$ cat start-v6.csv   # CSV, C-alpha atoms (C1' of nucleotides)
chain,number,residue,atom,x,y,z
A,1,MET,CA,107.6,103.3,87.9
A,2,PRO,CA,105.7,102.0,90.9
A,3,LYS,CA,103.3,104.2,92.8
A,4,VAL,CA,103.3,104.9,96.5
A,5,ARG,CA,100.4,103.8,98.5
A,6,ASP,CA,99.1,105.1,101.7
A,7,PHE,CA,101.5,103.9,104.3
A,8,GLU,CA,104.5,104.4,102.0
A,9,LEU,CA,103.3,107.8,101.3
A,10,LEU,CA,102.9,108.7,104.9
A,11,VAL,CA,106.4,107.4,105.6
A,12,ILE,CA,107.9,109.6,102.9
A,13,LEU,CA,106.1,112.6,104.1
A,14,ALA,CA,107.1,111.9,107.7
A,15,ILE,CA,110.7,111.6,106.6
A,16,LEU,CA,110.5,115.0,104.9
A,17,ARG,CA,108.9,116.5,108.0
A,18,GLN,CA,111.9,115.5,110.1
A,19,GLY,CA,114.2,117.3,107.8
A,20,ASP,CA,117.8,117.0,108.9
A,21,GLN,CA,116.9,114.7,111.7
A,22,SER,CA,115.2,111.9,109.9
A,23,TYR,CA,115.8,108.8,111.9
A,24,ALA,CA,113.6,105.7,111.9
A,25,ASN,CA,112.5,106.2,115.4
A,26,ARG,CA,111.5,109.8,115.0
A,27,VAL,CA,109.6,108.9,111.9
A,28,ARG,CA,107.8,106.2,113.9
A,29,GLU,CA,106.9,108.5,116.7
A,30,ASP,CA,105.7,111.1,114.2
A,31,LEU,CA,103.5,108.6,112.5
A,32,GLU,CA,102.0,107.2,115.7
A,33,ALA,CA,101.3,110.7,117.0
A,34,ASN,CA,99.9,112.2,113.9
A,35,ALA,CA,98.6,109.5,111.7
A,36,GLU,CA,96.3,107.7,114.2
A,37,ARG,CA,98.0,104.5,113.4
A,38,ARG,CA,99.9,102.0,115.3
A,39,VAL,CA,103.4,101.6,113.9
A,40,THR,CA,105.7,98.7,115.0
A,41,ARG,CA,109.3,98.6,114.2
A,42,GLY,CA,108.9,95.7,111.9
A,43,ALA,CA,106.2,97.4,109.9
A,44,LEU,CA,108.3,100.5,109.5
A,45,TYR,CA,111.5,98.9,108.5
A,46,ARG,CA,109.8,96.6,106.1
A,47,THR,CA,108.3,99.6,104.4
A,48,LEU,CA,111.6,101.5,104.5
A,49,ASP,CA,113.3,98.6,102.8
A,50,ARG,CA,110.6,98.5,100.1
A,51,LEU,CA,110.8,102.2,99.5
A,52,GLU,CA,114.5,101.9,99.2
A,53,VAL,CA,114.2,99.1,96.6
A,54,LYS,CA,111.8,101.3,94.7
A,55,GLY,CA,114.3,104.1,94.8
A,56,PHE,CA,112.1,106.5,96.7
A,57,ILE,CA,114.4,106.8,99.7
A,58,ARG,CA,118.0,106.2,100.6
A,59,TRP,CA,120.0,106.3,103.9
A,60,GLU,CA,123.4,106.2,105.3
A,61,LEU,CA,124.4,104.8,108.6
A,62,GLU,CA,125.3,107.4,111.0
A,63,PRO,CA,129.0,107.0,111.5
A,64,SER,CA,130.3,109.4,114.2
A,65,GLU,CA,127.3,110.5,116.3
A,66,VAL,CA,127.5,108.3,119.3
A,67,PRO,CA,124.1,107.1,120.5
A,68,GLU,CA,123.6,107.6,124.2
A,69,ARG,CA,122.9,104.1,124.8
A,70,GLY,CA,124.4,101.4,122.6
A,71,GLY,CA,122.9,99.6,119.7
A,72,HIS,CA,123.3,99.6,116.0
A,73,PRO,CA,124.4,102.7,114.1
A,74,MET,CA,121.3,104.7,113.1
A,75,ARG,CA,120.0,105.2,109.7
A,76,ARG,CA,119.8,108.7,108.5
A,77,LEU,CA,116.9,108.8,106.1
A,78,GLU,CA,116.6,110.8,102.9
A,79,VAL,CA,114.0,111.0,100.2
A,80,THR,CA,115.2,110.8,96.7
A,81,ALA,CA,114.0,113.0,93.8
A,82,ASP,CA,111.9,110.0,92.6
A,83,GLY,CA,110.3,109.7,96.0
A,84,LEU,CA,109.5,113.3,96.0
A,85,ALA,CA,108.0,113.1,92.6
A,86,ALA,CA,105.9,110.1,93.6
A,87,ALA,CA,104.6,111.8,96.7
A,88,ARG,CA,103.8,114.9,94.8
A,89,SER,CA,102.0,113.0,92.2
A,90,GLN,CA,99.9,111.1,94.7
A,91,GLY,CA,99.2,114.3,96.5
A,92,LEU,CA,97.8,115.9,93.4
A,93,VAL,CA,95.5,112.9,92.9
A,94,LEU,CA,94.3,113.1,96.4
A,95,GLN,CA,93.8,116.8,96.1
A,96,ARG,CA,91.8,116.3,93.0
A,97,PHE,CA,89.5,113.7,94.6
A,98,PHE,CA,89.0,115.6,97.8
A,99,ALA,CA,88.3,118.9,95.9
A,100,GLY,CA,84.7,120.0,96.1
A,101,LEU,CA,83.7,117.6,98.8
A,102,GLU,CA,83.2,118.7,102.3
A,103,LEU,CA,85.9,116.6,103.7
A,104,GLY,CA,89.3,117.3,105.3
A,105,GLY,CA,91.6,116.5,102.4
A,106,THR,CA,92.3,119.7,100.8
A,107,GLY,CA,91.2,122.0,103.5
A,108,ARG,CA,90.8,125.7,103.1
A,109,SER,CA,87.2,126.0,104.0
A,110,GLY,CA,88.4,123.6,106.6
A,111,GLU,CA,86.4,122.2,109.4
B,1,MET,CA,86.6,100.5,113.4
B,2,PRO,CA,88.8,99.8,110.5
B,3,LYS,CA,90.5,102.5,108.5
B,4,VAL,CA,90.3,103.2,104.8
B,5,ARG,CA,93.5,102.9,102.9
B,6,ASP,CA,94.5,104.4,99.6
B,7,PHE,CA,92.4,102.6,97.0
B,8,GLU,CA,89.4,102.3,99.3
B,9,LEU,CA,89.6,105.9,100.0
B,10,LEU,CA,89.7,106.8,96.4
B,11,VAL,CA,86.8,104.6,95.7
B,12,ILE,CA,84.7,106.3,98.4
B,13,LEU,CA,85.7,109.7,97.1
B,14,ALA,CA,84.9,108.7,93.5
B,15,ILE,CA,81.5,107.4,94.6
B,16,LEU,CA,80.8,110.7,96.3
B,17,ARG,CA,81.8,112.6,93.2
B,18,GLN,CA,79.3,110.8,91.0
B,19,GLY,CA,76.5,111.9,93.3
B,20,ASP,CA,73.2,110.6,92.2
B,21,GLN,CA,74.8,108.6,89.4
B,22,SER,CA,77.1,106.4,91.2
B,23,TYR,CA,77.4,103.2,89.3
B,24,ALA,CA,80.4,100.9,89.4
B,25,ASN,CA,81.4,101.7,85.8
B,26,ARG,CA,81.3,105.4,86.2
B,27,VAL,CA,83.4,105.1,89.3
B,28,ARG,CA,85.8,103.0,87.4
B,29,GLU,CA,86.1,105.4,84.6
B,30,ASP,CA,86.6,108.3,87.0
B,31,LEU,CA,89.3,106.5,88.7
B,32,GLU,CA,91.1,105.5,85.6
B,33,ALA,CA,90.8,109.0,84.2
B,34,ASN,CA,91.8,110.9,87.3
B,35,ALA,CA,93.7,108.7,89.6
B,36,GLU,CA,96.4,107.6,87.2
B,37,ARG,CA,95.8,104.1,88.0
B,38,ARG,CA,94.6,101.1,86.1
B,39,VAL,CA,91.3,99.7,87.5
B,40,THR,CA,90.0,96.4,86.4
B,41,ARG,CA,86.5,95.2,87.2
B,42,GLY,CA,87.8,92.6,89.5
B,43,ALA,CA,89.8,95.0,91.5
B,44,LEU,CA,86.9,97.4,91.8
B,45,TYR,CA,84.3,94.9,92.8
B,46,ARG,CA,86.6,93.3,95.3
B,47,THR,CA,87.1,96.6,96.9
B,48,LEU,CA,83.4,97.5,96.8
B,49,ASP,CA,82.6,94.2,98.6
B,50,ARG,CA,85.2,95.0,101.3
B,51,LEU,CA,83.9,98.5,101.8
B,52,GLU,CA,80.4,97.1,102.1
B,53,VAL,CA,81.5,94.6,104.7
B,54,LYS,CA,83.1,97.4,106.7
B,55,GLY,CA,79.9,99.3,106.5
B,56,PHE,CA,81.4,102.2,104.5
B,57,ILE,CA,79.2,101.9,101.5
B,58,ARG,CA,75.9,100.2,100.5
B,59,TRP,CA,74.0,99.7,97.3
B,60,GLU,CA,70.8,98.7,95.8
B,61,LEU,CA,70.2,97.0,92.6
B,62,GLU,CA,68.7,99.3,90.1
B,63,PRO,CA,65.2,97.9,89.5
B,64,SER,CA,63.3,99.8,86.8
B,65,GLU,CA,65.9,101.7,84.8
B,66,VAL,CA,66.5,99.6,81.8
B,67,PRO,CA,70.1,99.4,80.7
B,68,GLU,CA,70.5,100.1,77.0
B,69,ARG,CA,72.2,96.9,76.4
B,70,GLY,CA,71.6,93.9,78.6
B,71,GLY,CA,73.5,92.6,81.6
B,72,HIS,CA,72.8,92.4,85.2
B,73,PRO,CA,70.9,95.0,87.1
B,74,MET,CA,73.3,97.8,88.0
B,75,ARG,CA,74.3,98.6,91.5
B,76,ARG,CA,73.6,102.1,92.6
B,77,LEU,CA,76.3,103.0,95.1
B,78,GLU,CA,76.0,105.0,98.2
B,79,VAL,CA,78.4,106.0,100.9
B,80,THR,CA,77.3,105.5,104.5
B,81,ALA,CA,77.8,107.9,107.4
B,82,ASP,CA,80.6,105.7,108.6
B,83,GLY,CA,82.3,105.8,105.2
B,84,LEU,CA,82.1,109.5,105.2
B,85,ALA,CA,83.6,109.7,108.6
B,86,ALA,CA,86.4,107.4,107.7
B,87,ALA,CA,87.2,109.3,104.5
B,88,ARG,CA,87.1,112.6,106.4
B,89,SER,CA,89.4,111.3,109.1
B,90,GLN,CA,91.9,110.0,106.6
B,91,GLY,CA,91.7,113.3,104.7
B,92,LEU,CA,92.7,115.2,107.8
B,93,VAL,CA,95.6,112.9,108.4
B,94,LEU,CA,96.8,113.5,104.9
B,95,GLN,CA,96.3,117.1,105.1
B,96,ARG,CA,98.3,117.2,108.3
B,97,PHE,CA,101.2,115.4,106.7
B,98,PHE,CA,101.2,117.4,103.5
B,99,ALA,CA,101.0,120.7,105.3
B,100,GLY,CA,104.1,122.7,105.1
B,101,LEU,CA,105.7,120.7,102.4
B,102,GLU,CA,105.9,121.9,98.8
B,103,LEU,CA,103.8,119.1,97.5
B,104,GLY,CA,100.4,118.9,96.1
B,105,GLY,CA,98.4,117.4,98.9
B,106,THR,CA,96.7,120.3,100.6
B,107,GLY,CA,97.2,122.9,98.1
B,108,ARG,CA,96.6,126.5,98.7
B,109,SER,CA,100.0,128.1,98.4
B,110,GLY,CA,100.2,125.4,95.9
B,111,GLU,CA,102.0,125.4,92.6
C,1,DG,C1',63.8,82.1,67.7
C,2,DA,C1',69.0,80.8,67.8
C,3,DG,C1',73.4,82.9,67.7
C,4,DT,C1',76.3,86.6,68.8
C,5,DC,C1',77.5,91.0,71.0
C,6,DG,C1',78.2,94.1,74.5
C,7,DT,C1',77.4,95.4,79.3
C,8,DA,C1',77.3,94.5,84.2
C,9,DG,C1',78.6,91.6,87.6
C,10,DT,C1',81.0,87.3,89.9
C,11,DC,C1',84.8,84.1,91.0
C,12,DT,C1',89.2,82.7,92.0
C,13,DA,C1',94.1,82.6,92.1
C,14,DC,C1',98.1,85.3,92.6
C,15,DT,C1',101.2,89.4,94.1
C,16,DT,C1',102.2,93.2,96.9
C,17,DT,C1',101.8,95.7,101.0
C,18,DG,C1',101.0,96.1,105.9
C,19,DC,C1',101.6,94.4,110.5
C,20,DA,C1',103.3,91.7,114.5
C,21,DT,C1',106.5,89.0,116.9
C,22,DA,C1',110.6,87.3,118.1
C,23,DC,C1',115.6,87.8,117.7
C,24,DT,C1',120.4,90.0,117.3
C,25,DT,C1',123.8,93.7,118.4
C,26,DC,C1',126.2,96.7,121.1
C,27,DG,C1',127.3,100.1,124.6
C,28,DA,C1',126.6,101.7,129.4
C,29,DA,C1',125.3,100.7,134.1
C,30,DG,C1',125.7,98.0,137.9
D,1,DC,C1',130.1,89.5,133.3
D,2,DT,C1',125.1,90.2,133.6
D,3,DT,C1',121.3,93.1,132.6
D,4,DC,C1',119.1,96.8,130.3
D,5,DG,C1',117.7,99.7,126.7
D,6,DA,C1',118.1,101.4,122.0
D,7,DA,C1',118.6,100.5,117.2
D,8,DG,C1',118.1,97.3,113.6
D,9,DT,C1',117.0,92.5,111.4
D,10,DA,C1',114.3,88.3,110.1
D,11,DT,C1',110.4,85.8,109.3
D,12,DG,C1',105.7,84.7,108.6
D,13,DC,C1',101.0,85.6,108.2
D,14,DA,C1',97.0,88.6,107.0
D,15,DA,C1',94.9,92.1,104.3
D,16,DA,C1',94.5,94.7,100.3
D,17,DG,C1',95.2,95.1,95.3
D,18,DT,C1',95.2,93.1,90.7
D,19,DA,C1',94.3,90.2,86.7
D,20,DG,C1',91.8,87.3,83.8
D,21,DA,C1',88.4,84.2,82.9
D,22,DC,C1',83.6,83.2,83.6
D,23,DT,C1',78.3,84.0,84.0
D,24,DA,C1',74.0,86.4,83.0
D,25,DC,C1',71.1,88.7,80.2
D,26,DG,C1',68.9,92.1,77.0
D,27,DA,C1',69.1,93.6,72.2
D,28,DC,C1',70.3,93.1,67.7
D,29,DT,C1',70.7,90.2,63.4
D,30,DC,C1',69.8,86.8,60.5

$ encode --input "start-v6.csv" --output "structure tokens"
Amino acid sequence: MPKVRDFELLVILAILRQGDQSYANRVREDLEANAERRVTRGALYRTLDRLEVKGFIRWELEPSEVPERGGHPMRRLEVTADGLAAARSQGLVLQRFFAGLELGGTGRSGE
Amino acid sequence: MPKVRDFELLVILAILRQGDQSYANRVREDLEANAERRVTRGALYRTLDRLEVKGFIRWELEPSEVPERGGHPMRRLEVTADGLAAARSQGLVLQRFFAGLELGGTGRSGE
DNA sequence: GAGTCGTAGTCTACTTTGCATACTTCGAAG
DNA sequence: CTTCGAAGTATGCAAAGTAGACTACGACTC
């Protein structure tokens, strides 16, 4: 089973953060706002596709909900059990490596 | 200023963890043991080179310390202030994204 | 003292991931 | 029926990660 790497990990986490309202654009905004990282559509969708191939996320096209202003049906994103497991596993690794260093990764003494 | 991504980040953290005794092979072993990731020499040195170019680490060749069994002089690795800052910054991002989710990233309520 | 063994480091080609740009689709506004 | 904006798609290149073979060199063995 493949691992998630940094951007993929952030995307998964961002999807989880949006809960019920996980649409690509929200995820994108969340990432731009909170991950100090420029995120273009192409980059995001490419990553979503790859995560889907790996079985870490899935989505369904929003059928009924009418978007206010045209366009394609929106993807409602969802993280699979595998995706969750991968994120958790990577989180534990990070936690382990940040532990004991005076850095922000596993804050508690934080800042 | 470029950002550190996942493997680079782990390498920096691993170097810090070794403290005074940061040699490539120790770092490699640490990563293999604790990051659930296969690390070949090529992969590691390639990354070390890149980190050095970015100014995140530096090294000096061990001059006097005789290795028990031949080979090139060993690199003693060191993380620069920039490297530290980059790792810290990325740590904070990760912390932010893991916060509130029931995952391992910023444990405290954890597990 | 030449051959081989093991450790440390280097080189190079290949794959995967990340990123940007340009393009398509479709509904509403005008 | 043209334009605009929102959502998604396609394509190509650049950067990072990975593997495997190669070099260098001290010590050990004969």

$ calpha_fit_and_write --input "start-v6.csv" --fixed "chain A" --moving "chain B" --output "compact mmCIF listing (two decimals) with C-alpha atoms, keeping the file's coordinate frame"
# COMPACT_ATOMS: atom_id res chain seq x y z
CA MET B 1 107.55 103.41 87.91
CA PRO B 2 105.66 102.14 90.84
CA LYS B 3 103.30 104.27 92.85
CA VAL B 4 103.33 105.02 96.54
CA ARG B 5 100.36 103.85 98.48
CA ASP B 6 99.02 105.03 101.79
CA PHE B 7 101.56 103.90 104.37
CA GLU B 8 104.51 104.44 102.04
CA LEU B 9 103.30 107.83 101.33
CA LEU B 10 102.99 108.69 104.93
CA VAL B 11 106.40 107.39 105.60
CA ILE B 12 107.91 109.59 102.87
CA LEU B 13 106.02 112.59 104.17
CA ALA B 14 107.11 111.87 107.77
CA ILE B 15 110.72 111.56 106.63
CA LEU B 16 110.46 114.92 104.92
CA ARG B 17 109.00 116.48 108.02
CA GLN B 18 111.92 115.46 110.20
CA GLY B 19 114.28 117.28 107.86
CA ASP B 20 117.83 116.96 108.93
CA GLN B 21 116.88 114.61 111.75
CA SER B 22 115.26 111.84 109.98
CA TYR B 23 115.88 108.70 111.89
CA ALA B 24 113.64 105.65 111.84
CA ASN B 25 112.50 106.16 115.44
CA ARG B 26 111.56 109.74 115.03
CA VAL B 27 109.59 108.85 111.96
CA ARG B 28 107.89 106.18 113.89
CA GLU B 29 106.96 108.41 116.69
CA ASP B 30 105.65 111.05 114.29
CA LEU B 31 103.54 108.56 112.62
CA GLU B 32 102.12 107.11 115.75
CA ALA B 33 101.45 110.57 117.13
CA ASN B 34 99.93 112.10 114.04
CA ALA B 35 98.69 109.44 111.77
CA GLU B 36 96.43 107.65 114.20
CA ARG B 37 97.97 104.45 113.40
CA ARG B 38 99.98 101.91 115.30
CA VAL B 39 103.53 101.48 113.86
CA THR B 40 105.71 98.68 114.96
CA ARG B 41 109.39 98.49 114.12
CA GLY B 42 108.85 95.62 111.84
CA ALA B 43 106.24 97.36 109.86
CA LEU B 44 108.35 100.47 109.52
CA TYR B 45 111.53 98.79 108.49
CA ARG B 46 109.74 96.59 106.03
CA THR B 47 108.33 99.62 104.42
CA LEU B 48 111.63 101.51 104.48
CA ASP B 49 113.30 98.55 102.68
CA ARG B 50 110.55 98.58 100.01
CA LEU B 51 110.82 102.30 99.48
CA GLU B 52 114.57 101.93 99.15
CA VAL B 53 114.18 99.21 96.56
CA LYS B 54 111.84 101.44 94.58
CA GLY B 55 114.39 104.16 94.73
CA PHE B 56 112.16 106.54 96.74
CA ILE B 57 114.39 106.88 99.72
CA ARG B 58 118.04 106.17 100.69
CA TRP B 59 120.04 106.24 103.87
CA GLU B 60 123.41 106.18 105.33
CA LEU B 61 124.49 104.73 108.53
CA GLU B 62 125.32 107.37 111.00
CA PRO B 63 129.07 107.00 111.57
CA SER B 64 130.40 109.37 114.24
CA GLU B 65 127.39 110.48 116.27
CA VAL B 66 127.43 108.32 119.28
CA PRO B 67 124.04 107.13 120.42
CA GLU B 68 123.50 107.71 124.12
CA ARG B 69 122.77 104.17 124.75
CA GLY B 70 124.15 101.44 122.55
CA GLY B 71 122.66 99.65 119.58
CA HIS B 72 123.35 99.63 115.97
CA PRO B 73 124.43 102.64 114.04
CA MET B 74 121.34 104.66 113.16
CA ARG B 75 120.12 105.13 109.67
CA ARG B 76 119.80 108.68 108.55
CA LEU B 77 116.94 108.78 106.08
CA GLU B 78 116.63 110.77 102.97
CA VAL B 79 114.02 111.04 100.30
CA THR B 80 115.18 110.85 96.69
CA ALA B 81 114.00 113.00 93.79
CA ASP B 82 111.91 110.10 92.63
CA GLY B 83 110.29 109.74 96.05
CA LEU B 84 109.45 113.35 96.03
CA ALA B 85 107.92 113.11 92.65
CA ALA B 86 105.88 110.12 93.59
CA ALA B 87 104.62 111.74 96.79
CA ARG B 88 103.77 114.93 94.88
CA SER B 89 101.90 113.03 92.21
CA GLN B 90 99.89 111.10 94.75
CA GLY B 91 99.18 114.33 96.64
CA LEU B 92 97.66 115.86 93.54
CA VAL B 93 95.51 112.84 92.98
CA LEU B 94 94.22 113.10 96.49
CA GLN B 95 93.70 116.70 96.28
CA ARG B 96 91.72 116.22 93.10
CA PHE B 97 89.45 113.69 94.74
CA PHE B 98 88.92 115.63 97.93
CA ALA B 99 88.18 118.85 96.12
CA GLY B 100 84.65 119.90 96.35
CA LEU B 101 83.70 117.55 99.08
CA GLU B 102 83.21 118.67 102.68
CA LEU B 103 86.02 116.57 103.96
CA GLY B 104 89.35 117.33 105.32
CA GLY B 105 91.66 116.44 102.50
CA THR B 106 92.47 119.68 100.77
CA GLY B 107 91.29 122.06 103.27
CA ARG B 108 90.86 125.68 102.66
CA SER B 109 87.15 126.27 102.99
CA GLY B 110 87.74 123.63 105.50
CA GLU B 111 86.04 123.15 108.82

$ interface_residues --input "start-v6.csv" --of "chain D" --to "chain B" --cutoff "10 Å" --atoms "all atoms listed in the file" --output "list in words"
DA16, DG17, DT18, DA19, DG20, DA24, DC25, DG26, DA27 and DC28 of chain D

$ atom_distance --input "start-v6.csv" --atom1 "CA of Ala24 in chain B" --atom2 "CA of Thr80 in chain B"
16.1 Å

$ atom_distance --input "start-v6.csv" --atom1 "CA of Asn34 in chain B" --atom2 "CA of Ala14 in chain B"
9.5 Å

$ closest_atom_pairs --input "start-v6.csv" --of "chain C" --to "chain B" --cutoff "8 Å" --atoms "all atoms listed in the file" --output "CSV"
residue,atom,partner,partner_atom,distance
C:DG6,C1',B:Arg69,CA,6.9
C:DT7,C1',B:Gly71,CA,5.3
C:DA8,C1',B:Gly71,CA,5.0
C:DG9,C1',B:His72,CA,6.3

$ interface_residues --input "start-v6.csv" --of "chain B" --to "chain A" --cutoff "12 Å" --atoms "all atoms listed in the file" --output "PyMOL selection string"
chain B and resi 2-19+27+30-38+83-111

$ atom_distance --input "start-v6.csv" --atom1 "C1' of DC22 in chain D" --atom2 "C1' of DC14 in chain C"
17.2 Å
